[in-house]
>>> print(open('start.tsv').read())   # TSV, C-alpha atoms
chain	number	residue	atom	x	y	z
S	1	MET	CA	25.08	-27.80	6.46
S	2	VAL	CA	26.81	-27.25	9.80
S	3	VAL	CA	28.24	-23.79	10.55
S	4	ASP	CA	30.46	-23.21	13.59
S	5	ASP	CA	33.83	-21.49	14.07
S	6	SER	CA	35.12	-24.51	16.05
S	7	SER	CA	36.27	-27.41	13.85
S	8	SER	CA	35.93	-29.85	16.77
S	9	THR	CA	32.32	-28.74	17.31
S	10	ARG	CA	31.56	-29.23	13.62
S	11	THR	CA	33.04	-32.75	13.73
S	12	MET	CA	31.05	-33.60	16.85
S	13	LEU	CA	27.83	-32.32	15.29
S	14	ARG	CA	28.41	-34.20	12.05
S	15	GLU	CA	28.94	-37.47	13.95
S	16	ALA	CA	25.99	-36.88	16.25
S	17	LEU	CA	23.62	-36.09	13.37
S	18	ALA	CA	24.77	-39.22	11.52
S	19	LEU	CA	23.71	-41.25	14.56
S	20	GLY	CA	20.29	-39.56	14.51
S	21	GLY	CA	19.50	-41.14	11.15
S	22	GLY	CA	17.80	-39.62	8.13
S	23	ILE	CA	19.90	-36.43	8.19
S	24	ASP	CA	22.73	-35.97	5.66
S	25	VAL	CA	25.39	-33.37	6.44
S	26	VAL	CA	26.30	-32.07	2.99
S	27	GLY	CA	29.00	-29.65	4.13
S	28	GLU	CA	30.53	-27.40	6.77
S	29	ALA	CA	31.53	-23.76	7.19
S	30	GLY	CA	33.68	-22.08	9.82
S	31	SER	CA	32.37	-18.50	9.50
S	32	GLY	CA	29.39	-16.51	8.41
S	33	ASN	CA	31.02	-15.42	5.15
S	34	GLU	CA	31.98	-18.98	4.31
S	35	ALA	CA	28.46	-20.14	5.16
S	36	ILE	CA	27.00	-17.73	2.62
S	37	ALA	CA	29.31	-18.98	-0.14
S	38	ARG	CA	28.84	-22.66	0.67
S	39	ALA	CA	25.07	-22.37	1.00
S	40	ASP	CA	24.96	-21.04	-2.55
S	41	GLU	CA	27.21	-23.89	-3.69
S	42	LEU	CA	25.67	-26.80	-1.75
S	43	GLN	CA	22.03	-25.63	-1.63
S	44	PRO	CA	21.23	-27.38	1.68
S	45	ASP	CA	17.68	-27.83	2.96
S	46	VAL	CA	18.71	-26.67	6.45
S	47	VAL	CA	21.65	-24.67	7.81
S	48	LEU	CA	22.58	-25.30	11.45
S	49	MET	CA	24.05	-21.89	12.25
S	50	ASP	CA	26.22	-20.75	15.15
S	51	VAL	CA	25.41	-17.15	16.08
S	52	ARG	CA	28.72	-15.61	17.21
S	53	MET	CA	31.69	-16.15	14.90
S	54	PRO	CA	34.75	-13.95	14.24
S	55	ASP	CA	34.56	-13.71	10.41
S	56	GLY	CA	30.97	-12.71	9.67
S	57	ASP	CA	28.50	-13.61	12.40
S	58	GLY	CA	25.53	-15.93	12.11
S	59	VAL	CA	22.96	-13.13	12.14
S	60	GLU	CA	24.26	-11.51	8.95
S	61	ALA	CA	24.82	-14.90	7.33
S	62	ALA	CA	21.27	-15.98	8.17
S	63	ARG	CA	19.87	-12.73	6.77
S	64	THR	CA	21.81	-13.09	3.51
S	65	ILE	CA	20.97	-16.77	3.02
S	66	ASN	CA	17.32	-16.13	3.81
S	67	THR	CA	17.27	-13.40	1.16
S	68	THR	CA	19.16	-15.25	-1.60
S	69	ARG	CA	17.87	-18.76	-0.84
S	70	PRO	CA	14.55	-18.49	1.02
S	71	GLU	CA	13.95	-22.21	0.50
S	72	THR	CA	16.92	-22.97	2.78
S	73	LYS	CA	15.80	-23.01	6.42
S	74	ILE	CA	18.00	-21.61	9.18
S	75	VAL	CA	18.24	-23.18	12.64
S	76	ALA	CA	20.31	-21.22	15.16
S	77	LEU	CA	22.50	-23.35	17.47
S	78	THR	CA	24.22	-21.35	20.19
S	79	TRP	CA	25.08	-21.19	23.87
S	80	SER	CA	23.24	-17.88	24.21
S	81	ASP	CA	19.67	-17.67	25.42
S	82	ASP	CA	19.89	-13.87	25.63
S	83	PRO	CA	16.60	-12.36	24.40
S	84	SER	CA	18.35	-9.83	22.15
S	85	THR	CA	20.29	-12.62	20.42
S	86	VAL	CA	17.11	-14.65	19.92
S	87	ARG	CA	15.39	-11.56	18.54
S	88	GLU	CA	18.24	-10.85	16.11
S	89	MET	CA	18.29	-14.38	14.72
S	90	LEU	CA	14.54	-14.63	14.31
S	91	ALA	CA	14.47	-11.21	12.63
S	92	ALA	CA	17.23	-12.43	10.29
S	93	GLY	CA	14.99	-15.28	9.15
S	94	ALA	CA	15.87	-18.23	11.41
S	95	ILE	CA	12.97	-20.66	11.68
S	96	GLY	CA	14.44	-22.46	14.70
S	97	TYR	CA	16.52	-21.61	17.76
S	98	VAL	CA	18.22	-24.32	19.81
S	99	VAL	CA	20.45	-23.75	22.85
S	100	LYS	CA	23.54	-25.97	23.02
S	101	GLY	CA	23.49	-28.58	25.75
S	102	GLY	CA	20.29	-30.35	24.77
S	103	THR	CA	19.95	-33.92	23.55
S	104	ILE	CA	20.74	-35.10	20.03
S	105	ASP	CA	17.09	-36.16	19.65
S	106	GLU	CA	15.99	-32.59	20.35
S	107	LEU	CA	18.45	-31.24	17.81
S	108	CYS	CA	17.44	-33.75	15.13
S	109	GLY	CA	13.79	-33.00	15.80
S	110	ALA	CA	14.41	-29.26	15.34
S	111	ILE	CA	16.21	-29.89	12.02
S	112	ARG	CA	13.47	-32.15	10.68
S	113	ARG	CA	10.75	-29.69	11.65
S	114	ALA	CA	12.68	-26.84	10.05
S	115	ALA	CA	13.03	-28.83	6.82
S	116	GLY	CA	9.23	-29.19	6.83
S	117	GLY	CA	8.74	-25.48	7.45
S	118	GLU	CA	7.75	-25.83	11.12
S	119	PRO	CA	9.26	-23.35	13.60
S	120	GLU	CA	11.11	-24.61	16.67
S	121	LEU	CA	12.07	-22.59	19.74
S	122	ASP	CA	14.04	-24.02	22.64
S	123	GLN	CA	12.11	-24.01	25.90
S	124	LYS	CA	14.89	-21.87	27.40
S	125	VAL	CA	14.19	-18.99	25.02
S	126	LEU	CA	10.43	-19.44	24.55
S	127	PRO	CA	9.31	-17.17	27.44
S	128	ALA	CA	11.44	-14.28	26.17
S	129	ALA	CA	10.20	-14.81	22.61
S	130	VAL	CA	6.58	-14.80	23.79
S	131	ASP	CA	7.21	-11.58	25.74
S	132	ASP	CA	8.69	-10.04	22.61
S	133	LEU	CA	5.69	-11.11	20.55
S	134	ARG	CA	3.29	-9.73	23.14
S	135	ARG	CA	5.16	-6.41	23.19
S	136	LEU	CA	5.23	-6.18	19.38
S	137	LEU	CA	1.52	-6.94	19.13
S	138	GLU	CA	0.75	-4.27	21.70
S	139	GLU	CA	2.93	-1.75	19.84
S	140	GLU	CA	1.21	-2.64	16.57
S	141	ARG	CA	-2.23	-2.23	18.16
S	142	THR	CA	-1.20	1.18	19.52
S	143	ARG	CA	0.16	2.27	16.13
S	144	ARG	CA	-3.01	1.11	14.40
S	145	GLU	CA	-5.16	3.09	16.84
S	146	GLN	CA	-2.99	6.17	16.29
S	147	ILE	CA	-3.31	5.83	12.51
S	148	GLU	CA	-7.08	5.41	12.79
S	149	ARG	CA	-7.34	8.48	15.04
S	150	LEU	CA	-5.25	10.49	12.60
S	151	ALA	CA	-7.39	9.33	9.66
S	152	ARG	CA	-10.57	10.31	11.50
S	153	ALA	CA	-9.08	13.68	12.41
S	154	LYS	CA	-8.17	14.32	8.76
S	155	GLU	CA	-11.67	13.37	7.58
S	156	GLU	CA	-13.26	15.57	10.24
S	157	PHE	CA	-10.99	18.44	9.26
S	158	VAL	CA	-12.03	18.11	5.62
S	159	GLN	CA	-15.73	18.07	6.59
S	160	VAL	CA	-15.41	21.08	8.91
S	161	LEU	CA	-13.38	22.94	6.29
S	162	SER	CA	-16.01	22.41	3.60
S	163	HIS	CA	-18.80	23.48	5.95
S	164	GLU	CA	-17.04	26.62	7.12
S	165	LEU	CA	-16.09	27.66	3.59
S	166	ARG	CA	-19.53	27.21	2.08
S	167	THR	CA	-21.26	30.35	3.43
S	168	PRO	CA	-18.50	32.94	2.84
S	169	LEU	CA	-17.74	31.47	-0.58
S	170	THR	CA	-21.39	31.69	-1.59
S	171	LEU	CA	-21.41	35.39	-0.62
S	172	ILE	CA	-18.16	36.11	-2.45
S	173	SER	CA	-19.24	34.22	-5.55
S	174	GLY	CA	-22.61	35.99	-5.58
S	175	ALA	CA	-20.97	39.41	-5.29
S	176	LEU	CA	-18.53	38.63	-8.11
S	177	ARG	CA	-21.31	37.47	-10.43
S	178	MET	CA	-23.35	40.57	-9.64
S	179	LEU	CA	-20.41	42.76	-10.64
S	180	GLN	CA	-19.87	40.67	-13.76
S	181	GLN	CA	-23.47	41.30	-14.86
S	182	ARG	CA	-22.77	45.05	-14.96
S	183	GLY	CA	-20.65	44.49	-18.05
S	184	ILE	CA	-17.33	45.74	-16.72
S	185	GLU	CA	-14.77	45.60	-19.53
S	186	GLY	CA	-11.03	45.96	-19.95
S	187	GLU	CA	-8.39	44.70	-17.56
S	188	ILE	CA	-10.70	44.82	-14.54
S	189	GLY	CA	-13.32	42.85	-16.45
S	190	ALA	CA	-10.77	40.15	-17.32
S	191	VAL	CA	-9.71	39.90	-13.67
S	192	LEU	CA	-13.37	39.71	-12.64
S	193	ASP	CA	-14.06	36.91	-15.15
S	194	SER	CA	-11.06	34.98	-13.80
S	195	ALA	CA	-12.24	35.46	-10.21
S	196	VAL	CA	-15.75	34.19	-11.09
S	197	ARG	CA	-14.27	31.14	-12.80
S	198	ARG	CA	-11.96	30.38	-9.86
S	199	SER	CA	-14.77	30.79	-7.33
S	200	GLY	CA	-16.84	28.32	-9.36
S	201	GLU	CA	-13.97	25.82	-9.27
S	202	LEU	CA	-13.70	26.27	-5.51
S	203	GLU	CA	-17.45	25.75	-5.08
S	204	PHE	CA	-17.18	22.55	-7.09
S	205	LEU	CA	-14.32	21.40	-4.87
S	206	ILE	CA	-16.33	22.06	-1.74
S	207	GLU	CA	-19.25	20.08	-3.20
S	208	GLY	CA	-16.89	17.11	-3.42
S	209	LEU	CA	-15.83	17.51	0.19
S	210	GLU	CA	-19.48	17.72	1.22
S	211	LEU	CA	-20.17	14.47	-0.65
S	212	ILE	CA	-17.61	12.72	1.52
S	213	GLY	CA	-19.09	14.17	4.70
S	214	ALA	CA	-22.70	13.38	3.82
S	215	GLY	CA	-22.18	9.69	3.03
S	216	PRO	CA	-23.99	7.59	0.41
S	217	SER	CA	-27.38	7.21	2.10
S	218	GLY	CA	-30.41	8.90	0.59
S	219	GLU	CA	-28.88	9.32	-2.88
S	220	ARG	CA	-30.49	8.08	-6.08
S	221	ASP	CA	-28.85	5.18	-7.88
S	222	ALA	CA	-26.21	6.00	-10.47
S	223	ASP	CA	-27.15	6.31	-14.11
S	224	ILE	CA	-23.65	5.60	-15.40
S	225	GLU	CA	-24.07	6.84	-18.96
S	226	GLN	CA	-25.61	10.08	-17.76
S	227	ALA	CA	-22.92	10.53	-15.08
S	228	VAL	CA	-20.10	10.16	-17.61
S	229	ALA	CA	-21.80	12.45	-20.11
S	230	THR	CA	-22.21	15.16	-17.47
S	231	ALA	CA	-18.57	14.85	-16.39
S	232	ALA	CA	-17.29	15.04	-19.99
S	233	ARG	CA	-19.52	18.03	-20.75
S	234	ARG	CA	-18.25	19.92	-17.71
S	235	LEU	CA	-14.68	19.34	-18.91
S	236	GLY	CA	-15.51	20.19	-22.52
S	237	LEU	CA	-14.07	16.80	-23.44
S	238	ARG	CA	-14.84	14.67	-26.47
S	239	LEU	CA	-14.10	11.10	-25.46
S	240	ASP	CA	-12.31	8.80	-27.89
S	241	MET	CA	-14.20	5.73	-26.66
S	242	LEU	CA	-17.12	5.03	-24.32
S	243	ARG	CA	-18.36	1.58	-23.38
S	244	PHE	CA	-21.14	0.81	-20.90
S	245	GLN	CA	-22.24	-2.65	-19.86
S	246	GLU	CA	-25.33	-1.54	-17.94
S	247	GLU	CA	-26.83	1.85	-17.25
S	248	THR	CA	-27.89	1.78	-13.59
S	249	TRP	CA	-25.80	0.75	-10.58
S	250	THR	CA	-28.05	0.09	-7.59
S	251	GLY	CA	-26.55	1.24	-4.30
S	252	VAL	CA	-24.00	3.62	-5.87
S	253	PRO	CA	-25.04	7.29	-5.53
S	254	HIS	CA	-25.40	9.05	-8.88
S	255	ARG	CA	-23.39	12.06	-7.69
S	256	TYR	CA	-20.58	9.73	-6.63
S	257	ALA	CA	-20.32	8.20	-10.10
S	258	GLU	CA	-20.52	11.63	-11.73
S	259	ARG	CA	-17.79	13.09	-9.52
S	260	VAL	CA	-15.53	10.05	-9.88
S	261	ALA	CA	-15.85	10.15	-13.69
S	262	PHE	CA	-15.05	13.88	-13.67
S	263	GLU	CA	-11.94	13.56	-11.50
S	264	LEU	CA	-10.53	10.57	-13.37
S	265	LEU	CA	-11.10	12.25	-16.73
S	266	SER	CA	-9.64	15.49	-15.38
S	267	ASN	CA	-6.47	13.74	-14.27
S	268	ALA	CA	-6.20	11.99	-17.64
S	269	ILE	CA	-6.35	15.40	-19.34
S	270	LYS	CA	-3.81	17.00	-16.98
S	271	HIS	CA	-1.27	14.20	-16.78
S	272	GLY	CA	-1.92	11.94	-19.76
S	273	ARG	CA	-2.38	12.12	-23.51
S	274	ARG	CA	-5.06	11.17	-25.97
S	275	PRO	CA	-6.66	8.84	-26.77
S	276	ILE	CA	-8.74	8.94	-23.58
S	277	GLU	CA	-11.14	6.05	-23.14
S	278	ILE	CA	-13.72	5.37	-20.42
S	279	THR	CA	-15.60	2.17	-19.72
S	280	ALA	CA	-18.07	1.21	-16.99
S	281	ARG	CA	-18.96	-2.39	-16.27
S	282	ARG	CA	-19.81	-4.89	-13.55
S	283	GLU	CA	-16.99	-7.29	-12.70
S	284	GLY	CA	-18.03	-9.83	-10.07
S	285	THR	CA	-19.45	-7.93	-7.12
S	286	PHE	CA	-17.98	-4.58	-8.18
S	287	GLY	CA	-18.96	-1.83	-10.57
S	288	ILE	CA	-15.83	-0.38	-12.14
S	289	ILE	CA	-15.31	2.95	-13.88
S	290	ARG	CA	-12.08	2.65	-15.86
S	291	VAL	CA	-10.32	5.58	-17.56
S	292	THR	CA	-7.39	4.85	-19.86
S	293	ASP	CA	-5.04	7.37	-21.47
S	294	ALA	CA	-1.73	7.23	-23.36
S	295	GLY	CA	0.34	9.14	-20.79
S	296	GLY	CA	2.01	6.31	-18.87
S	297	TRP	CA	1.87	8.37	-15.64
S	298	THR	CA	1.35	7.20	-12.05
S	299	PRO	CA	0.46	9.26	-8.95
S	300	PRO	CA	3.33	9.91	-6.50
S	301	TYR	CA	1.47	8.36	-3.57
S	302	SER	CA	-0.69	5.23	-3.60
S	303	ASP	CA	-2.84	6.26	-0.62
S	304	PHE	CA	-4.17	9.36	-2.47
S	305	SER	CA	-3.68	11.64	0.54
S	306	ALA	CA	-5.40	15.00	0.61
S	307	PHE	CA	-3.60	18.21	-0.35
S	308	THR	CA	-0.79	16.52	-2.34
S	309	GLN	CA	0.71	18.82	-4.97
S	310	GLU	CA	3.75	18.08	-7.13
S	311	ASP	CA	4.47	21.78	-7.67
S	312	MET	CA	2.91	24.72	-5.86
S	313	SER	CA	4.41	27.44	-8.12
S	314	THR	CA	2.16	29.77	-10.12
S	315	THR	CA	4.13	29.01	-13.29
S	316	ARG	CA	3.76	25.24	-13.27
S	317	SER	CA	2.88	23.76	-16.66
S	318	ARG	CA	0.77	20.96	-15.21
S	319	GLY	CA	-1.73	20.84	-12.37
S	320	GLY	CA	-0.97	18.91	-9.22
S	321	PHE	CA	-2.94	15.89	-8.02
S	322	GLY	CA	-4.46	18.01	-5.22
S	323	LEU	CA	-7.75	16.84	-3.77
S	324	GLY	CA	-9.15	15.18	-6.91
S	325	LEU	CA	-7.84	11.67	-6.41
S	326	PHE	CA	-8.35	12.00	-2.65
S	327	LEU	CA	-12.05	12.64	-3.33
S	328	VAL	CA	-12.30	9.67	-5.70
S	329	SER	CA	-10.55	7.38	-3.23
S	330	ARG	CA	-12.84	8.33	-0.34
S	331	LEU	CA	-16.02	8.11	-2.42
S	332	CYS	CA	-15.01	4.60	-3.51
S	333	GLN	CA	-14.27	3.64	0.10
S	334	SER	CA	-17.73	4.86	1.14
S	335	CYS	CA	-19.14	2.17	-1.16
S	336	GLU	CA	-16.68	-0.52	0.04
S	337	GLY	CA	-14.49	-0.10	-3.02
S	338	GLU	CA	-11.12	1.41	-3.84
S	339	LEU	CA	-9.20	3.49	-6.34
S	340	GLY	CA	-6.22	2.08	-8.21
S	341	ILE	CA	-3.97	3.71	-10.80
S	342	ARG	CA	-1.22	1.89	-12.67
S	343	ALA	CA	0.96	2.38	-15.72
S	344	VAL	CA	0.88	-0.49	-18.21
S	345	GLY	CA	3.44	0.12	-20.91
S	346	ALA	CA	2.67	3.52	-22.45
S	347	LYS	CA	-0.85	3.61	-20.98
S	348	THR	CA	-2.26	4.69	-17.65
S	349	ILE	CA	-5.26	2.81	-16.30
S	350	ALA	CA	-7.31	4.37	-13.49
S	351	GLU	CA	-9.97	2.15	-11.93
S	352	ALA	CA	-12.60	3.25	-9.43
S	353	GLN	CA	-14.42	0.32	-7.83
S	354	PHE	CA	-17.78	0.34	-6.06
S	355	ARG	CA	-19.29	-2.70	-4.39
S	356	LEU	CA	-22.66	-3.60	-5.91
S	357	PRO	CA	-25.45	-5.69	-4.38
S	358	SER	CA	-25.11	-9.35	-5.39
>>> encode(input="start.tsv", output="structure tokens")
Amino acid sequence: MVVDDSSSTRTMLREALALGGGIDVVGEAGSGNEAIARADELQPDVVLMDVRMPDGDGVEAARTINTTRPETKIVALTWSDDPSTVREMLAAGAIGYVVKGGTIDELCGAIRRAAGGEPELDQKVLPAAVDDLRRLLEEERTRREQIERLARAKEEFVQVLSHELRTPLTLISGALRMLQQRGIEGEIGAVLDSAVRRSGELEFLIEGLELIGAGPSGERDADIEQAVATAARRLGLRLDMLRFQEETWTGVPHRYAERVAFELLSNAIKHGRRPIEITARREGTFGIIRVTDAGGWTPPYSDFSAFTQEDMSTTRSRGGFGLGLFLVSRLCQSCEGELGIRAVGAKTIAEAQFRLPS
């Protein structure tokens, strides 16, 4: 299909393409808006698109056609070799860019290559396009380095935080337990019991952060059944279903498996509903701990960033995601695996993967 706001240009192009042989012009359009409508009607293999037209330009038309009919290829045909125009058309989905004034053989070649899915850039615009590509690649490399630096800084912060909290927390926790042993009753005793419980939770959190900082080396291999049993016992949870394919996962630290099982079960309790099921099995080169509940919930962020809370109020009815899923995600990554959580119908499936030796 030929698109140009000049009827004489469209006629000339139709006649020239007929001479080229093997190319059928199935229709014409005199504006971008008309091109969109006619592309939907005629379903051409290739649209030869002028860029600047008064009633809907070629850039918007190319973008719309590329979205609604991705199988239709767009070749820009224009007088302009301005880099910004080239950039706009390529970003809109054009697979080819031809500057007017070339030979009919060059134009036919560009159309045939576009129909076969091969890109075509006119030699007049190629240097600018290469410069653009080089600039974009450099910007992407810089952004990637910045993201990696930020990720390292966050991990280092978590490690330093856990280290610096360990000593004072141990002293505070010890003092609270000593007071608790004196048998203080009444309102003060209740506050003291709550403080001891909260300090224990904080110690457990710091243990998780220390696991991330220490890395997997030097740990004993995971006894999966024992790890799950310990996690369930700590939560006071009776599981509705347990299934284990094999008991020991070589190369996966036992404390990793235990902590991952605890955090996944904890999130199922907080955000899901019974029945809660847990399975552990080898699938290909991965060991997978899978926790399923009937809550149909999904976490708000797929990267499981640290310190994410849905609600920081003291009256919230449900706990936030906090550091739990962050810990699971990073422990999986330490063993070349990943954490994934998805809702399937009325169920939520959380899967923690660890790479196992082949």
>>> closest_residue(input="start.tsv", among="S:Asp223, S:Glu258, S:Asp193, S:Glu140", to="S:Leu211", atoms="only C-alpha atoms")
S:Glu258
>>> closest_residue(input="start.tsv", among="S:Val291, S:Ile276, S:Val228, S:Ile269", to="S:Gln353", atoms="all atoms listed in the file")
S:Val291
>>> closest_residue(input="start.tsv", among="S:Ala257, S:Ala268, S:Ile65, S:Ala346", to="S:Ala35", atoms="only C-alpha atoms")
S:Ile65
>>> residues_around(input="start.tsv", residues="S:Asp221", least_positions_apart="4", cutoff="9 Å", atoms="all atoms listed in the file", output="list in words")
Thr248, Trp249, Thr250, Gly251, Val252, Pro253, His254 and Arg255 of chain S
>>> write_last_selection(input="start.tsv", atoms="C-alpha atoms", output="tab-separated table (two decimals), keeping the file's coordinate frame")
chain	number	residue	atom	x	y	z
S	248	THR	CA	-27.89	1.78	-13.59
S	249	TRP	CA	-25.80	0.75	-10.58
S	250	THR	CA	-28.05	0.09	-7.59
S	251	GLY	CA	-26.55	1.24	-4.30
S	252	VAL	CA	-24.00	3.62	-5.87
S	253	PRO	CA	-25.04	7.29	-5.53
S	254	HIS	CA	-25.40	9.05	-8.88
S	255	ARG	CA	-23.39	12.06	-7.69
>>> residues_around(input="start.tsv", residues="stretch 277-288 of chain S", least_positions_apart="2", cutoff="8 Å", atoms="only C-alpha atoms", output="PyMOL selection string")
chain S and resi 224+239-246+249+275+290-293+337+351-358
>>> closest_residue(input="start.tsv", among="S:Cys335, S:Gly296, S:Val99, S:Leu325", to="S:Lys347", atoms="only C-alpha atoms")
S:Gly296
>>> residues_around(input="start.tsv", residues="stretch 151-162 of chain S", least_positions_apart="2", cutoff="12 Å", atoms="all atoms listed in the file", output="PDB file with C-alpha atoms, in the frame of the given file")
ATOM      1  CA  ARG S 144      -3.010   1.110  14.400  1.00  0.00           C
ATOM      2  CA  GLU S 145      -5.160   3.090  16.840  1.00  0.00           C
ATOM      3  CA  GLN S 146      -2.990   6.170  16.290  1.00  0.00           C
ATOM      4  CA  ILE S 147      -3.310   5.830  12.510  1.00  0.00           C
ATOM      5  CA  GLU S 148      -7.080   5.410  12.790  1.00  0.00           C
ATOM      6  CA  ARG S 149      -7.340   8.480  15.040  1.00  0.00           C
ATOM      7  CA  GLU S 164     -17.040  26.620   7.120  1.00  0.00           C
ATOM      8  CA  LEU S 165     -16.090  27.660   3.590  1.00  0.00           C
ATOM      9  CA  ARG S 166     -19.530  27.210   2.080  1.00  0.00           C
ATOM     10  CA  THR S 167     -21.260  30.350   3.430  1.00  0.00           C
ATOM     11  CA  PRO S 168     -18.500  32.940   2.840  1.00  0.00           C
ATOM     12  CA  LEU S 169     -17.740  31.470  -0.580  1.00  0.00           C
ATOM     13  CA  THR S 170     -21.390  31.690  -1.590  1.00  0.00           C
ATOM     14  CA  LEU S 202     -13.700  26.270  -5.510  1.00  0.00           C
ATOM     15  CA  GLU S 203     -17.450  25.750  -5.080  1.00  0.00           C
ATOM     16  CA  PHE S 204     -17.180  22.550  -7.090  1.00  0.00           C
ATOM     17  CA  LEU S 205     -14.320  21.400  -4.870  1.00  0.00           C
ATOM     18  CA  ILE S 206     -16.330  22.060  -1.740  1.00  0.00           C
ATOM     19  CA  GLU S 207     -19.250  20.080  -3.200  1.00  0.00           C
ATOM     20  CA  GLY S 208     -16.890  17.110  -3.420  1.00  0.00           C
ATOM     21  CA  LEU S 209     -15.830  17.510   0.190  1.00  0.00           C
ATOM     22  CA  GLU S 210     -19.480  17.720   1.220  1.00  0.00           C
ATOM     23  CA  LEU S 211     -20.170  14.470  -0.650  1.00  0.00           C
ATOM     24  CA  ILE S 212     -17.610  12.720   1.520  1.00  0.00           C
ATOM     25  CA  GLY S 213     -19.090  14.170   4.700  1.00  0.00           C
ATOM     26  CA  ALA S 214     -22.700  13.380   3.820  1.00  0.00           C
ATOM     27  CA  GLY S 215     -22.180   9.690   3.030  1.00  0.00           C
ATOM     28  CA  ASP S 303      -2.840   6.260  -0.620  1.00  0.00           C
ATOM     29  CA  SER S 305      -3.680  11.640   0.540  1.00  0.00           C
ATOM     30  CA  ALA S 306      -5.400  15.000   0.610  1.00  0.00           C
ATOM     31  CA  PHE S 307      -3.600  18.210  -0.350  1.00  0.00           C
ATOM     32  CA  LEU S 323      -7.750  16.840  -3.770  1.00  0.00           C
ATOM     33  CA  PHE S 326      -8.350  12.000  -2.650  1.00  0.00           C
ATOM     34  CA  LEU S 327     -12.050  12.640  -3.330  1.00  0.00           C
ATOM     35  CA  ARG S 330     -12.840   8.330  -0.340  1.00  0.00           C
TER      36      ARG S 330
END
>>> closest_residue(input="start.tsv", among="S:Gly324, S:Gly58, S:Gly200, S:Gly102", to="S:Leu339", atoms="only C-alpha atoms")
S:Gly324
>>> closest_residue(input="start.tsv", among="S:Arg113, S:Asp57, S:Ala231, S:Cys108", to="S:Met89", atoms="all atoms listed in the file")
S:Asp57
>>> axis_aligned_box(input="start.tsv", around="stretch 148-156 of chain S", padding_each_side="5 Å", output="JSON")
{"center_x": -9.3, "center_y": 10.5, "center_z": 11.3, "size_x": 18.0, "size_y": 20.2, "size_z": 17.5}
>>> atom_distance(input="start.tsv", atom1="atom CA of S:Glu34", atom2="atom CA of S:Val3")
8.7 Å
>>> atom_distance(input="start.tsv", atom1="atom CA of S:Gly345", atom2="atom CA of S:Ala261")
22.9 Å
>>> residues_around(input="start.tsv", residues="S:Gly96", least_positions_apart="6", cutoff="8 Å", atoms="all atoms listed in the file", output="MDAnalysis selection string")
chainID S and resid 74:76 90 110 114 119:121
>>> atom_distance(input="start.tsv", atom1="atom CA of S:Glu60", atom2="atom CA of S:Thr85")
12.2 Å
>>> residues_around(input="start.tsv", residues="stretch 13-18 of chain S", least_positions_apart="6", cutoff="12 Å", atoms="only C-alpha atoms", output="VMD selection string")
chain S and resid 1 to 4 6 to 7 24 to 29 48 to 50 77 100 to 101 103 to 112
>>> residues_near_point(input="start.tsv", point="(16.0, -9.2, 11.8)", cutoff="12 Å", atoms="all atoms listed in the file", output="list in words")
Gly58, Val59, Glu60, Ala61, Ala62, Arg63, Thr64, Asn66, Thr67, Ser84, Thr85, Val86, Arg87, Glu88, Met89, Leu90, Ala91, Ala92, Gly93, Ala94 and Ile95 of chain S
